[in-house]
Amino acid sequence: MDIAFGLSCEEYGPADLLRQATLAAEAGFTGLWISDHFHPWNDAQGESPFVWSMIGALSQVADLPIGTAVSCPTVRQHPVIVAQAAATSAVLTGGRFTLGVGSGEALNEHILGTVWPTTPRRLQMLEEAVSVMRALWSGNVVTHYGSHYTVDHARLYTVPEQPIPVYVSGFGPRAVDLAARIGDGFVCTKPEPGLVGRFKNGSGAKPAVAGSKACYAASDDEARDIAYHRWPNEGLPGELAQVLPTPAHFEQATTIVTKDMIKMACGPDPRPHLAMVETYRKAGYDTLYIAPVGPHYEQMIALYRDEVLPAVRG
């Protein structure tokens, strides 16, 4: 299993994200993954730079493959615009760009004032959006009259030489089955073999990638305090992450989350980090993207450079 690096737009501003990418490349991580958010999950995270601007900048500071984790090309961003942004990103990275897509969260998508669709409708919208984007990446003129989107004589003039891989996010059976049917790969954050196996069986063993987080501090207790303060939403159950509309609502909902519900690897000891990696490897993922939490990301990257990555590869 490859170990790559996750960039959290919800927690870090542009300068920190560029610094993290540079250090991750030097440390031996195999790729970059960057979140696409309009809002952070809560005010403690406190950032939200525009993902497409960041990808342009990242392409100039780190010679690594880059992917989105994940973009929602259905409500806030029309699939025609995402198609153009992804095509430019692929050209900037020399064809080393993967578009990760998902059905989105109300947290980011409600901002235009539209009704937040049900899960089945969001999945229908996502399938149509992926079809529209792939048509545009051909460089041909596209006219499309669909159930959810209209495209009128649109053509992308800047397109990569090779098709852009589309990885589809899924956390439940319907989304996993859609990923297997239309995706070039699968995206998830849960180390659950059942989800990965369902995707692999349905897709003919296409790649499956996952994302997790890790928090470094001088002690395990300090790291857990930081993780709980900044990312209590990691402990929310069910579909709350998809339906709550604002950071304030997430702050209200996470009052039910206790510190022991935050399961990310924490502290300066490499063993919990290696155990976390092993959990995802056993679940069947091909790549794990690990994103830092908190202010001590340089020390976390150094820990992975010196202790975790060599152990995984050994």
# chains A, B, ... in the order shown; residues from 1 in each chain; ligands from 1
>>> residues_around(residues="segment 164-167 of chain A", least_positions_apart="3", cutoff="8 Å", atoms="only C-alpha atoms", output="compact mmCIF listing (two decimals) with N, CA, C and O atoms, in the first residue's frame")
# COMPACT_ATOMS: atom_id res chain seq x y z
N ALA A 86 -10.58 20.84 -13.80
CA ALA A 86 -9.84 19.57 -13.75
C ALA A 86 -8.92 19.43 -14.96
O ALA A 86 -7.79 18.94 -14.84
N ALA A 87 -9.39 19.85 -16.13
CA ALA A 87 -8.56 19.75 -17.33
C ALA A 87 -7.30 20.62 -17.19
O ALA A 87 -6.19 20.19 -17.52
N ALA A 90 -4.93 18.96 -14.80
CA ALA A 90 -4.24 17.84 -15.40
C ALA A 90 -3.09 18.31 -16.29
O ALA A 90 -2.01 17.70 -16.31
N GLY A 95 -0.38 15.58 -16.52
CA GLY A 95 -1.21 14.38 -16.58
C GLY A 95 -1.26 13.60 -15.29
O GLY A 95 -1.80 12.49 -15.26
N PHE A 97 -2.98 14.19 -12.50
CA PHE A 97 -4.10 14.69 -11.70
C PHE A 97 -5.23 13.69 -11.74
O PHE A 97 -5.57 13.14 -12.80
N THR A 98 -5.82 13.44 -10.58
CA THR A 98 -7.01 12.59 -10.45
C THR A 98 -8.14 13.42 -9.86
O THR A 98 -7.95 14.08 -8.83
N LEU A 99 -9.28 13.38 -10.50
CA LEU A 99 -10.46 14.08 -9.98
C LEU A 99 -11.25 13.14 -9.09
O LEU A 99 -11.87 12.18 -9.57
N GLY A 100 -11.19 13.39 -7.78
CA GLY A 100 -12.06 12.68 -6.86
C GLY A 100 -13.38 13.42 -6.74
O GLY A 100 -13.39 14.64 -6.57
N VAL A 101 -14.48 12.70 -6.85
CA VAL A 101 -15.80 13.33 -6.80
C VAL A 101 -16.68 12.61 -5.80
O VAL A 101 -16.50 11.43 -5.51
N VAL A 130 -20.56 13.35 -14.09
CA VAL A 130 -19.36 12.66 -14.54
C VAL A 130 -19.43 12.41 -16.04
O VAL A 130 -18.43 12.58 -16.77
N TRP A 137 -13.95 16.55 -21.76
CA TRP A 137 -12.50 16.29 -21.81
C TRP A 137 -12.04 15.73 -23.15
O TRP A 137 -10.84 15.68 -23.42
N PRO A 160 -5.94 17.72 -21.30
CA PRO A 160 -4.75 16.86 -21.25
C PRO A 160 -4.75 15.84 -22.37
O PRO A 160 -5.79 15.56 -22.99
N ALA A 179 -19.81 3.97 -7.64
CA ALA A 179 -18.36 4.10 -7.84
C ALA A 179 -17.84 2.93 -8.67
O ALA A 179 -17.00 3.12 -9.57
N GLY A 183 -16.77 4.74 -11.88
CA GLY A 183 -15.50 5.30 -11.44
C GLY A 183 -14.29 4.56 -11.99
O GLY A 183 -14.36 3.37 -12.33
N ASP A 184 -13.18 5.29 -12.07
CA ASP A 184 -11.89 4.67 -12.35
C ASP A 184 -11.21 4.23 -11.06
O ASP A 184 -10.15 3.61 -11.09
N GLY A 185 -11.80 4.58 -9.94
CA GLY A 185 -11.30 4.21 -8.63
C GLY A 185 -12.32 4.59 -7.58
O GLY A 185 -13.35 5.21 -7.86
N PHE A 186 -12.03 4.21 -6.34
CA PHE A 186 -12.95 4.38 -5.22
C PHE A 186 -12.27 5.18 -4.12
O PHE A 186 -11.08 5.01 -3.84
N VAL A 187 -13.02 6.09 -3.50
CA VAL A 187 -12.53 6.94 -2.42
C VAL A 187 -13.38 6.71 -1.18
O VAL A 187 -14.63 6.69 -1.26
>>> select_by_dssp(residues="segment 79-287 of chain A", states="helix (DSSP H, G or I)", output="VMD selection string")
chain A and resid 79 to 92 106 to 112 119 to 136 173 to 182 193 to 203 220 to 230 232 to 235 240 to 243 247 to 256 259 to 261 270 to 283
>>> closest_residue(among="A:Lys263, A:Arg174, A:His153, A:Arg134", to="Pro232 of chain A", atoms="only C-alpha atoms")
A:Lys263
>>> residues_around(residues="Arg224 of chain A", least_positions_apart="6", cutoff="9 Å", atoms="only C-alpha atoms", output="PyMOL selection string")
chain A and resi 215-217+259-260+262+264-267
>>> write_last_selection(atoms="C-alpha atoms", output="CSV table (one decimal), in the first residue's frame")
chain,number,residue,atom,x,y,z
A,215,CYS,CA,-2.1,14.5,15.1
A,216,TYR,CA,1.5,15.0,16.4
A,217,ALA,CA,2.3,16.7,19.7
A,259,LYS,CA,-12.6,12.5,23.2
A,260,ASP,CA,-12.4,8.8,23.0
A,262,ILE,CA,-11.8,10.5,17.9
A,264,MET,CA,-7.1,9.1,14.5
A,265,ALA,CA,-3.5,8.3,15.3
A,266,CYS,CA,-2.1,10.7,17.9
A,267,GLY,CA,1.2,11.5,19.6
>>> atom_distance(atom1="atom CA of Ser48 of chain A", atom2="atom CA of Ser35 of chain A")
9.4 Å
>>> select_by_dssp(residues="segment 122-243 of chain A", states="strand (DSSP E or B)", output="number ranges by chain")
A: 142-145, 150-154, 166-169, 185-188, 208-215
>>> closest_atom_pairs(of="segment 150-227 of chain A", to="segment 70-83 of chain A", cutoff="9 Å", atoms="only C-alpha atoms", output="tab-separated table")
residue	atom	partner	partner_atom	distance
A:Val151	CA	A:Val80	CA	7.6
A:Ala154	CA	A:Val80	CA	8.2
A:Leu156	CA	A:Ala83	CA	8.3
A:Tyr167	CA	A:Val70	CA	8.7
A:Val168	CA	A:Val70	CA	8.3
A:Ser169	CA	A:Val70	CA	7.3
A:Val187	CA	A:Val70	CA	8.3
